[in-house]
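Quick look at model-v2.tsv (TSV, C-alpha atoms):
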```
chain	number	residue	atom	x	y	z
A	1	MET	CA	104.69	151.02	167.31
A	2	THR	CA	102.14	148.97	165.34
A	3	GLU	CA	103.31	147.83	161.94
A	4	GLN	CA	101.11	148.85	159.05
A	5	PRO	CA	99.86	145.95	156.91
A	6	VAL	CA	101.57	145.68	153.56
A	7	THR	CA	99.25	146.55	150.74
A	8	ILE	CA	99.93	144.80	147.46
A	9	PRO	CA	99.07	146.94	144.47
A	10	THR	CA	96.29	145.62	142.26
A	11	HIS	CA	98.52	145.34	139.22
A	12	ARG	CA	100.89	143.08	141.18
A	13	LYS	CA	98.02	140.87	142.33
A	14	ILE	CA	96.98	140.45	138.72
A	15	LEU	CA	100.57	139.69	137.76
A	16	TYR	CA	100.96	137.09	140.54
A	17	LEU	CA	97.65	135.47	139.58
A	18	ALA	CA	98.72	135.35	135.94
A	19	VAL	CA	102.04	133.73	136.86
A	20	ILE	CA	100.26	131.13	139.01
A	21	MET	CA	97.81	130.36	136.19
A	22	ILE	CA	100.63	130.01	133.67
A	23	VAL	CA	102.51	127.63	135.99
A	24	LEU	CA	99.38	125.53	136.56
A	25	LEU	CA	98.66	125.37	132.83
A	26	ALA	CA	102.28	124.41	132.15
A	27	VAL	CA	102.11	121.63	134.75
A	28	CYS	CA	98.89	120.34	133.18
A	29	GLU	CA	100.44	120.50	129.71
A	30	VAL	CA	103.53	118.59	130.83
A	31	GLY	CA	101.35	115.99	132.56
A	32	LEU	CA	99.22	115.46	129.47
A	33	ARG	CA	102.29	115.25	127.25
A	34	ALA	CA	103.80	112.63	129.56
A	35	ARG	CA	100.60	110.61	129.45
A	36	GLN	CA	100.50	110.96	125.66
A	37	TRP	CA	104.05	109.65	125.40
A	38	MET	CA	103.41	106.66	127.65
A	39	ARG	CA	100.21	105.69	125.86
A	40	TYR	CA	101.04	106.51	122.25
A	41	GLY	CA	104.81	106.94	122.06
A	42	SER	CA	104.58	110.56	120.92
A	43	PHE	CA	104.23	114.03	122.43
A	44	ALA	CA	102.18	115.20	119.44
A	45	ALA	CA	98.45	115.83	119.74
A	46	SER	CA	97.93	113.90	116.48
A	47	VAL	CA	99.28	110.49	115.50
A	48	ARG	CA	98.76	111.35	111.84
A	49	ASP	CA	100.61	114.63	111.31
A	50	PRO	CA	104.18	113.68	112.36
A	51	MET	CA	103.92	110.55	110.22
A	52	LEU	CA	103.21	112.21	106.88
A	53	GLU	CA	105.36	113.72	104.17
A	54	TYR	CA	104.45	115.32	100.85
A	55	ASP	CA	104.69	113.21	97.70
A	56	ALA	CA	104.93	115.73	94.84
A	57	SER	CA	104.40	113.14	92.08
A	58	ALA	CA	101.04	112.11	93.54
A	59	ASP	CA	100.23	115.52	95.09
A	60	LEU	CA	99.45	113.71	98.34
A	61	LEU	CA	100.48	113.55	101.96
A	62	VAL	CA	101.71	109.98	102.47
A	63	PRO	CA	103.24	108.05	105.37
A	64	ARG	CA	107.02	108.24	105.63
A	65	PRO	CA	108.66	104.89	104.86
A	66	GLY	CA	110.19	103.36	107.97
A	67	TYR	CA	108.25	105.61	110.37
A	68	GLU	CA	107.33	103.99	113.69
A	69	VAL	CA	105.54	105.18	116.81
A	70	LYS	CA	105.16	102.90	119.79
A	71	GLY	CA	103.46	103.33	123.15
A	72	ALA	CA	101.57	101.28	125.69
A	73	ARG	CA	98.37	101.41	123.64
A	74	LEU	CA	99.53	101.35	120.03
A	75	ASN	CA	102.34	100.43	117.71
A	76	ILE	CA	102.28	101.82	114.17
A	77	LYS	CA	104.96	100.81	111.67
A	78	ILE	CA	105.17	102.08	108.11
A	79	ASN	CA	106.87	99.75	105.64
A	80	SER	CA	109.41	100.64	102.97
A	81	PHE	CA	106.65	101.44	100.45
A	82	GLY	CA	104.95	103.97	102.74
A	83	PHE	CA	102.02	101.80	103.81
A	84	ARG	CA	101.05	100.64	107.27
A	85	GLY	CA	101.99	96.98	107.60
A	86	ASP	CA	104.72	94.42	107.05
A	87	ASP	CA	107.12	94.74	104.15
A	88	PHE	CA	106.44	92.79	100.98
A	89	ASP	CA	108.09	92.22	97.61
A	90	ARG	CA	107.26	94.77	94.93
A	91	MET	CA	107.13	91.91	92.43
A	92	LYS	CA	104.12	89.81	93.40
A	93	PRO	CA	105.26	86.30	94.46
A	94	PRO	CA	103.81	83.13	92.89
A	95	HIS	CA	100.49	81.75	94.22
A	96	THR	CA	99.65	85.21	95.56
A	97	VAL	CA	96.41	87.17	95.54
A	98	ARG	CA	97.19	90.79	96.33
A	99	ILE	CA	94.29	92.91	97.66
A	100	ALA	CA	94.49	96.69	98.06
A	101	ALA	CA	92.43	98.16	100.93
A	102	LEU	CA	91.71	101.78	99.98
A	103	GLY	CA	90.27	104.31	102.40
A	104	ALA	CA	91.08	106.76	105.17
A	105	SER	CA	91.52	106.64	108.94
A	106	THR	CA	88.87	103.94	109.45
A	107	THR	CA	90.93	101.62	107.24
A	108	PHE	CA	94.36	102.80	108.41
A	109	CYS	CA	93.12	102.02	111.96
A	110	ALA	CA	95.40	104.28	114.04
A	111	GLU	CA	93.34	103.46	117.15
A	112	VAL	CA	94.05	99.72	117.17
A	113	SER	CA	96.94	98.36	119.21
A	114	ASP	CA	99.33	97.32	116.41
A	115	ASN	CA	99.65	96.62	112.69
A	116	HIS	CA	98.43	93.06	113.05
A	117	LYS	CA	95.14	94.18	114.61
A	118	THR	CA	94.00	96.38	111.73
A	119	TRP	CA	91.08	95.01	109.76
A	120	PRO	CA	93.07	94.66	106.49
A	121	TYR	CA	95.70	92.49	108.22
A	122	ARG	CA	93.10	90.40	110.05
A	123	LEU	CA	91.27	89.93	106.74
A	124	GLN	CA	94.53	88.67	105.25
A	125	GLU	CA	94.88	86.12	108.05
A	126	LYS	CA	91.29	84.92	107.67
A	127	LEU	CA	91.66	84.48	103.90
A	128	SER	CA	94.97	82.66	104.31
A	129	ALA	CA	93.40	80.23	106.77
A	130	ALA	CA	90.42	79.60	104.48
A	131	TYR	CA	92.53	79.04	101.34
A	132	PRO	CA	95.74	77.26	102.43
A	133	GLY	CA	96.88	76.74	98.83
A	134	VAL	CA	96.88	80.48	98.10
A	135	ARG	CA	99.06	83.25	99.53
A	136	PHE	CA	97.17	86.43	100.37
A	137	GLU	CA	98.51	89.95	100.79
A	138	VAL	CA	96.00	92.55	101.92
A	139	ILE	CA	97.86	95.85	101.67
A	140	ASN	CA	96.60	98.69	103.87
A	141	THR	CA	96.98	101.61	101.47
A	142	ALA	CA	94.76	103.99	103.47
A	143	VAL	CA	95.79	107.35	104.93
A	144	GLY	CA	93.85	109.32	107.51
A	145	GLY	CA	91.95	112.28	106.09
A	146	TYR	CA	91.75	111.01	102.51
A	147	THR	CA	88.61	111.60	100.48
A	148	ALA	CA	87.67	109.69	97.31
A	149	ALA	CA	89.63	112.17	95.15
A	150	GLU	CA	92.80	111.55	97.15
A	151	ASN	CA	92.18	107.81	97.13
A	152	LEU	CA	91.95	107.96	93.35
A	153	ARG	CA	95.36	109.66	93.13
A	154	ASN	CA	96.72	107.19	95.67
A	155	LEU	CA	95.40	104.33	93.54
A	156	THR	CA	96.91	105.72	90.34
A	157	HIS	CA	100.34	106.67	91.64
A	158	ARG	CA	101.06	104.30	94.53
A	159	VAL	CA	98.78	101.26	94.39
A	160	LEU	CA	98.47	100.18	90.76
A	161	PRO	CA	102.27	99.77	90.39
A	162	LEU	CA	101.96	96.99	92.99
A	163	ASP	CA	99.76	94.95	90.61
A	164	PRO	CA	96.77	94.26	92.90
A	165	ASP	CA	94.23	91.58	91.95
A	166	LEU	CA	91.33	93.12	93.87
A	167	ALA	CA	90.54	96.49	95.45
A	168	LEU	CA	88.34	97.21	98.47
A	169	TYR	CA	87.03	100.71	99.15
A	170	TYR	CA	85.86	101.77	102.62
A	171	GLU	CA	85.47	105.49	103.32
A	172	GLY	CA	82.59	107.91	103.71
A	173	ASN	CA	82.87	110.25	106.67
A	174	ASN	CA	85.54	112.54	105.18
A	175	GLU	CA	83.42	112.93	102.07
A	176	ILE	CA	80.39	113.88	104.14
A	177	THR	CA	82.41	116.39	106.16
A	178	LYS	CA	83.76	118.08	103.02
A	179	ASP	CA	80.46	118.18	101.15
A	180	THR	CA	78.26	119.29	104.06
A	181	ARG	CA	80.71	122.06	104.93
A	182	GLN	CA	80.32	123.45	101.42
A	183	LEU	CA	76.55	123.11	101.74
A	184	ALA	CA	76.61	124.99	105.06
A	185	LEU	CA	78.72	127.73	103.45
A	186	ASP	CA	76.34	128.02	100.51
A	187	ARG	CA	73.37	128.35	102.87
A	188	GLY	CA	75.11	130.92	105.03
A	189	LEU	CA	75.17	128.74	108.14
A	190	ILE	CA	78.91	129.24	108.65
A	191	ALA	CA	81.28	132.03	107.69
A	192	ARG	CA	83.63	131.95	104.74
A	193	GLY	CA	87.10	130.84	105.68
A	194	ASN	CA	87.65	128.36	108.45
A	195	PRO	CA	86.65	129.69	111.88
A	196	GLN	CA	88.29	126.65	113.45
A	197	SER	CA	91.67	127.19	111.79
A	198	LEU	CA	93.15	129.29	114.61
A	199	ALA	CA	91.96	126.86	117.25
A	200	ARG	CA	93.37	123.91	115.34
A	201	THR	CA	96.68	125.71	114.85
A	202	ILE	CA	96.94	126.26	118.61
A	203	SER	CA	95.98	122.60	119.10
A	204	ASN	CA	99.14	121.58	117.21
A	205	TYR	CA	101.20	123.21	119.98
A	206	SER	CA	99.10	122.59	123.08
A	207	LEU	CA	97.63	119.21	123.97
A	208	LEU	CA	95.74	120.82	126.86
A	209	PHE	CA	94.09	123.30	124.53
A	210	ASP	CA	93.38	120.58	121.97
A	211	LEU	CA	91.54	118.36	124.46
A	212	THR	CA	89.68	121.27	126.03
A	213	TYR	CA	88.60	122.73	122.70
A	214	LYS	CA	87.44	119.38	121.32
A	215	ASN	CA	85.42	118.50	124.41
A	216	LEU	CA	83.77	121.91	124.59
A	217	THR	CA	82.89	121.74	120.87
A	218	ILE	CA	81.41	118.26	121.28
A	219	LEU	CA	79.39	119.39	124.32
A	220	ALA	CA	78.09	122.42	122.45
A	221	GLY	CA	77.20	120.30	119.44
A	222	ARG	CA	75.19	117.87	121.54
A	223	ARG	CA	73.17	120.84	122.73
A	224	ASN	CA	72.80	122.11	119.15
A	225	ALA	CA	74.39	125.39	120.25
A	226	VAL	CA	77.39	125.54	117.95
A	227	ALA	CA	75.60	127.67	115.37
A	228	VAL	CA	72.39	129.65	115.14
A	229	ARG	CA	71.17	127.08	112.63
A	230	THR	CA	72.39	123.64	111.64
A	231	LEU	CA	71.81	121.25	108.76
A	232	ASP	CA	69.05	118.78	109.68
A	233	SER	CA	69.06	117.00	106.30
A	234	VAL	CA	71.03	116.92	103.05
A	235	PRO	CA	69.92	116.94	99.38
A	236	SER	CA	69.77	113.54	97.71
A	237	ASP	CA	72.24	114.68	95.03
A	238	LEU	CA	74.91	115.86	97.48
A	239	PRO	CA	77.03	112.68	96.99
A	240	SER	CA	77.27	113.26	93.21
A	241	HIS	CA	80.96	114.30	93.27
A	242	PHE	CA	81.79	111.38	95.56
A	243	ILE	CA	80.07	108.94	93.20
A	244	GLY	CA	81.89	110.51	90.26
A	245	GLN	CA	85.22	109.76	91.94
A	246	LEU	CA	84.14	106.18	92.63
A	247	ASP	CA	83.22	105.79	88.97
A	248	GLU	CA	86.64	107.04	87.90
A	249	MET	CA	88.18	104.57	90.32
A	250	ARG	CA	86.06	101.75	88.88
A	251	ARG	CA	87.04	102.60	85.29
A	252	THR	CA	90.73	102.87	86.20
A	253	LEU	CA	90.66	99.43	87.81
A	254	ALA	CA	88.47	97.86	85.11
A	255	ALA	CA	91.04	98.85	82.47
A	256	ARG	CA	93.40	96.44	84.24
A	257	ASP	CA	90.79	93.75	84.93
A	258	ILE	CA	90.88	94.49	88.67
A	259	PRO	CA	87.51	94.12	90.44
A	260	LEU	CA	86.40	96.88	92.82
A	261	VAL	CA	84.40	95.94	95.92
A	262	LEU	CA	82.57	98.85	97.56
A	263	SER	CA	81.24	99.08	101.09
A	264	THR	CA	78.70	101.12	102.97
A	265	PHE	CA	80.04	103.10	105.91
A	266	ILE	CA	79.48	102.14	109.56
A	267	VAL	CA	79.18	104.59	112.46
A	268	LYS	CA	78.49	104.22	116.16
A	269	PHE	CA	75.37	106.44	116.15
A	270	ARG	CA	72.33	104.83	114.53
A	271	ARG	CA	68.66	105.55	113.89
A	272	ASN	CA	67.40	102.76	116.12
A	273	GLN	CA	69.10	104.24	119.20
A	274	PRO	CA	67.45	106.56	121.76
A	275	ARG	CA	68.31	110.23	121.20
A	276	PRO	CA	70.67	110.49	124.24
A	277	THR	CA	72.62	107.46	122.93
A	278	GLN	CA	72.81	108.95	119.43
A	279	LEU	CA	74.18	112.21	120.80
A	280	ALA	CA	76.73	110.45	122.99
A	281	ASN	CA	77.86	108.11	120.20
A	282	ALA	CA	78.25	110.91	117.65
A	283	ASP	CA	80.89	112.64	119.90
A	284	VAL	CA	83.73	113.80	117.56
A	285	GLU	CA	81.33	114.33	114.66
A	286	PHE	CA	80.26	117.53	116.41
A	287	TYR	CA	83.90	118.62	116.37
A	288	TYR	CA	84.47	117.87	112.68
A	289	MET	CA	80.99	118.96	111.55
A	290	PRO	CA	79.72	121.65	113.96
A	291	TRP	CA	77.28	122.83	111.26
A	292	MET	CA	75.36	119.53	111.50
A	293	SER	CA	72.63	118.49	113.94
A	294	ILE	CA	72.36	114.83	114.96
A	295	ASP	CA	69.40	114.47	112.56
A	296	GLY	CA	71.53	115.96	109.80
A	297	MET	CA	74.32	113.47	110.51
A	298	LEU	CA	71.94	110.52	110.45
A	299	ASP	CA	70.40	111.74	107.19
A	300	ALA	CA	73.81	112.30	105.61
A	301	MET	CA	74.97	108.79	106.51
A	302	ASP	CA	71.81	107.28	105.04
A	303	THR	CA	72.06	109.44	101.91
A	304	TYR	CA	75.69	108.58	101.16
A	305	ASN	CA	75.26	104.89	101.91
A	306	GLN	CA	72.21	104.76	99.64
A	307	ALA	CA	74.18	106.54	96.92
A	308	ILE	CA	76.83	103.81	97.16
A	309	LEU	CA	74.18	101.09	96.89
A	310	ASP	CA	72.45	102.78	93.95
A	311	TYR	CA	75.74	103.29	92.10
A	312	ALA	CA	76.76	99.67	92.71
A	313	ALA	CA	73.40	98.44	91.40
A	314	ARG	CA	73.63	100.57	88.24
A	315	ASN	CA	77.10	99.25	87.45
A	316	SER	CA	76.71	95.66	88.71
A	317	LEU	CA	79.40	96.25	91.31
A	318	PRO	CA	79.73	94.19	94.48
A	319	VAL	CA	79.02	96.05	97.70
A	320	VAL	CA	79.32	94.97	101.33
A	321	ASP	CA	76.28	96.28	103.20
A	322	ASP	CA	76.11	94.94	106.74
A	323	ARG	CA	75.89	98.13	108.81
A	324	GLU	CA	75.21	96.24	112.03
A	325	ALA	CA	78.38	94.14	111.80
A	326	VAL	CA	80.22	96.25	114.39
A	327	SER	CA	78.51	96.66	117.76
A	328	PRO	CA	77.99	100.35	118.64
A	329	ASP	CA	79.77	100.28	121.99
A	330	ALA	CA	83.01	101.38	123.66
A	331	GLU	CA	84.61	97.95	123.16
A	332	HIS	CA	84.43	98.24	119.37
A	333	PHE	CA	84.62	102.00	118.69
A	334	SER	CA	87.06	104.57	120.04
A	335	ASP	CA	84.69	107.35	118.92
A	336	ALA	CA	81.90	107.87	116.40
A	337	MET	CA	83.57	105.95	113.57
A	338	HIS	CA	87.09	104.72	114.41
A	339	PHE	CA	87.65	101.12	115.47
A	340	LEU	CA	89.39	99.57	118.44
A	341	ASP	CA	90.80	96.04	118.21
A	342	LYS	CA	87.39	94.37	118.57
A	343	GLY	CA	85.83	96.69	116.02
A	344	ALA	CA	88.60	96.01	113.49
A	345	GLU	CA	88.14	92.28	114.07
A	346	ALA	CA	84.42	92.63	113.35
A	347	MET	CA	85.19	94.58	110.18
A	348	ALA	CA	87.60	91.88	109.02
A	349	ASP	CA	84.84	89.30	109.59
A	350	ARG	CA	82.41	91.50	107.66
A	351	PHE	CA	84.63	91.64	104.56
A	352	PHE	CA	85.71	88.01	104.88
A	353	LYS	CA	82.13	86.69	104.99
A	354	TYR	CA	81.32	88.65	101.86
A	355	LEU	CA	84.46	87.79	99.91
A	356	ARG	CA	84.26	84.10	100.77
A	357	THR	CA	81.12	83.77	98.62
A	358	SER	CA	81.96	86.42	96.02
A	359	ASN	CA	82.81	85.92	92.37
A	360	GLU	CA	85.44	88.66	92.66
A	361	LEU	CA	87.62	86.70	95.05
A	362	GLN	CA	87.26	83.50	93.01
A	363	HIS	CA	88.20	85.49	89.91
A	364	ALA	CA	91.33	86.80	91.66
A	365	ILE	CA	92.29	83.30	92.84
A	366	ALA	CA	91.77	81.84	89.37
A	367	LYS	CA	93.81	84.68	87.87
A	368	ALA	CA	96.71	83.98	90.27
A	369	ARG	CA	96.61	80.28	89.43
A	370	ALA	CA	96.56	81.00	85.71
A	371	VAL	CA	99.64	83.20	86.05
A	372	ASP	CA	101.38	80.45	88.02
A	373	ALA	CA	100.49	77.87	85.35
A	374	ALA	CA	101.76	80.13	82.58
A	375	GLN	CA	105.05	80.74	84.39
A	376	ALA	CA	105.44	77.00	85.04
A	377	SER	CA	104.96	76.20	81.35
A	378	ILE	CA	107.61	78.73	80.40
A	379	THR	CA	110.16	77.21	82.77
A	380	ARG	CA	109.55	73.68	81.52
```
Take the structure in the file and write it out as structure tokens.
Amino acid sequence: MTEQPVTIPTHRKILYLAVIMIVLLAVCEVGLRARQWMRYGSFAASVRDPMLEYDASADLLVPRPGYEVKGARLNIKINSFGFRGDDFDRMKPPHTVRIAALGASTTFCAEVSDNHKTWPYRLQEKLSAAYPGVRFEVINTAVGGYTAAENLRNLTHRVLPLDPDLALYYEGNNEITKDTRQLALDRGLIARGNPQSLARTISNYSLLFDLTYKNLTILAGRRNAVAVRTLDSVPSDLPSHFIGQLDEMRRTLAARDIPLVLSTFIVKFRRNQPRPTQLANADVEFYYMPWMSIDGMLDAMDTYNQAILDYAARNSLPVVDDREAVSPDAEHFSDAMHFLDKGAEAMADRFFKYLRTSNELQHAIAKARAVDAAQASITR
């Protein structure tokens, strides 16, 4: 008697296929998590989020004192004051010039290999070598995601108590993201609410989803297919709130006779590049600003950098403006704006070359020596 072939019901086939897909996705997720741990010392999709805690007095997310994450490609240590870097004395030691580096992720430098490769630390080493009779402390006070408003609160609540002699400000991309999103909302280019919020929530739990979603968003952005319309330029007055925050920062520092040195912002995509290179170099910008075309991004960078220069000129403020100081390649940038070790080294050189000939640094050195002389006369 011939056996009849077994017929598997359709609903079971679908069930089996679903189980197989779930198993494959789970294997991929585990593999990515293992790679993430080996490279970065954490299973989390983000280096930033597990590191932060809420500071109610400053109304800010700040790094947890003593936090450390270590992997094959990076080592981040947060000191006892909640800043990335080595510990230091709260009371400024004699012969010391203390410089506060304010900013966001491009100053915090999560993509460099360890604390001593960030551009603030390398700047400290370069200054120390150039002025052997002076002790320099360049404190990396930056936190990823901060805008100028958050940097102002950070300055007021966490930085000024450390008695800095000079402040450097380097940040721009977060401001552009925030302001252009509001502009896109006002023009009806994107919906109210955050259409990416669900995807980003899922990304917190699945590294596979996070990588897939980011890469698909970047690919779509390069093809200008993220939205029906995108911003191809920005109004010249869009940076007005940003400049207002910088002015408040300047006045807060000036009240304590602390010079503020501004800087234009550097990105990997530039006007003098062929269009395919611009699109490739912009990469994660299409994830963070899907409402922007590449022309809109270039225009926004020019507009905000020019606003910084104009504000500095009106108020006789020093500004570092070498936007070619970091080579736009994969050895210097990890993505559109974040630095690798070589990029951070170039940034340290950029600030060092400016400060070496600046009145602000000489003022800070003279101030430190005057304090030392006054203390010496008291002890005599």
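If you count only C-alpha atoms and ignore residues fewer than 5 places along the chain from Asn315 of chain A, what sits within 10 Å of it is Asp247, Arg250 and Asp310 of chain A.
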Residue with the minimum atom-to-atom distance to Trp291 of chain A, picked from A:Thr180, A:Thr357, A:Gln362, A:Asn305 with all atoms listed in the file counted, is A:Thr180
Find the nearest atom pair between each residue of segment 107-174 of chain A and segment 59-77 of chain A for residues within 7 Å, count only C-alpha atoms, give distances in Å to one decimal, sort rows by chain and ascending number, and present the table as a Markdown table.
```
| residue | atom | partner | partner_atom | distance |
| --- | --- | --- | --- | --- |
| A:Val112 | CA | A:Leu74 | CA | 6.4 |
| A:Ser113 | CA | A:Leu74 | CA | 4.0 |
| A:Asp114 | CA | A:Asn75 | CA | 4.5 |
| A:Asn115 | CA | A:Ile76 | CA | 6.0 |
| A:Val143 | CA | A:Val62 | CA | 6.9 |
```
Give as an mmCIF file with C-alpha atoms, in the coordinates of the input the set of residues within 9 Å of the point (103.7, 97.8, 107.0), where distances use the file's coordinates and all atoms listed in the file.
```cif
data_model
loop_
_atom_site.group_PDB
_atom_site.id
_atom_site.type_symbol
_atom_site.label_atom_id
_atom_site.label_comp_id
_atom_site.auth_asym_id
_atom_site.auth_seq_id
_atom_site.Cartn_x
_atom_site.Cartn_y
_atom_site.Cartn_z
ATOM 1 C CA PRO A 65 108.660 104.890 104.860
ATOM 2 C CA GLY A 66 110.190 103.360 107.970
ATOM 3 C CA ILE A 76 102.280 101.820 114.170
ATOM 4 C CA LYS A 77 104.960 100.810 111.670
ATOM 5 C CA ILE A 78 105.170 102.080 108.110
ATOM 6 C CA ASN A 79 106.870 99.750 105.640
ATOM 7 C CA SER A 80 109.410 100.640 102.970
ATOM 8 C CA PHE A 81 106.650 101.440 100.450
ATOM 9 C CA GLY A 82 104.950 103.970 102.740
ATOM 10 C CA PHE A 83 102.020 101.800 103.810
ATOM 11 C CA ARG A 84 101.050 100.640 107.270
ATOM 12 C CA GLY A 85 101.990 96.980 107.600
ATOM 13 C CA ASP A 86 104.720 94.420 107.050
ATOM 14 C CA ASP A 87 107.120 94.740 104.150
ATOM 15 C CA PHE A 88 106.440 92.790 100.980
ATOM 16 C CA ASN A 115 99.650 96.620 112.690
ATOM 17 C CA ILE A 139 97.860 95.850 101.670
ATOM 18 C CA ASN A 140 96.600 98.690 103.870
#
```
Rounded to one decimal, what separation in Å do you get between atom CA of Leu123 of chain A and atom CA of Asp283 of chain A?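 A separation of 28.2 Å between them.
Distances from A:Asp257, A:Glu137, A:Asp89, A:Glu171 to Glu125 of chain A were compared using only C-alpha atoms, and the smallest one belongs to A:Glu137.
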Please, what distance in Å, to one decimal, runs between atom CA of Ile243 of chain A and atom CA of Tyr311 of chain A? 7.2 Å
Nearest to Leu168 of chain A by atom-to-atom distance, counting all atoms listed in the file, from A:Phe339, A:Tyr121, A:Tyr131, A:Phe351: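 Using all atoms listed in the file, the shortest distance to Leu168 of chain A belongs to A:Phe351.
The closest residue to Ser233 of chain A, picked from A:Asn281, A:Ser334, A:Ser293, A:Asn173 and counting only C-alpha atoms, is A:Ser293.
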Given all atoms listed in the file as the counted atoms, nearest of A:Cys109, A:Val267, A:Ala348, A:Ala18 to Met297 of chain A: A:Val267
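Restricting the calculation to all atoms listed in the file, the smallest distance between Gly244 of chain A and any of A:Ala130, A:Val284, A:Ala300, A:Ile308 is found for A:Ile308.
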Using Å and a single decimal, report how far atom CA of Arg229 of chain A sits from atom CA of Gly296 of chain A.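 Between atom CA of Gly296 of chain A and atom CA of Arg229 of chain A the gap works out to 11.5 Å.
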Write out as a PyMOL selection string which residues come within 6 Å of segment 149-157 of chain A when counting all atoms listed in the file, dropping same-chain ones fewer than 5 positions away. chain A and resi 58+245+249
Excluding Arg256 of chain A and its own-chain neighbours fewer than 3 positions away, which residues fall within 12 Å of it when counting all atoms listed in the file? Please give them as JSON, numbers by chain. {"A": [156, 160, 161, 163, 164, 165, 166, 167, 249, 250, 251, 252, 253, 259, 260]}
Find the residues with any atom within 12 Å of (97.8, 80.3, 99.8); use all atoms listed in the file and the coordinates as given in the file, and write the answer as a list in words.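 Looking at atoms near the point gives Pro93, Pro94, His95, Thr96, Val97, Arg98, Gln124, Glu125, Lys126, Leu127, Ser128, Ala129, Ala130, Tyr131, Pro132, Gly133, Val134, Arg135, Phe136, Glu137, Ile365, Ala368 and Arg369 of chain A.
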Centre, edges in Å (one decimal): axis-aligned box, segment 318-330 of chain A, 4 Å padding on all six sides, as AutoDock Vina command-line options:
```
--center_x 79.1 --center_y 97.8 --center_z 109.1 --size_x 15.8 --size_y 15.2 --size_z 37.2
```
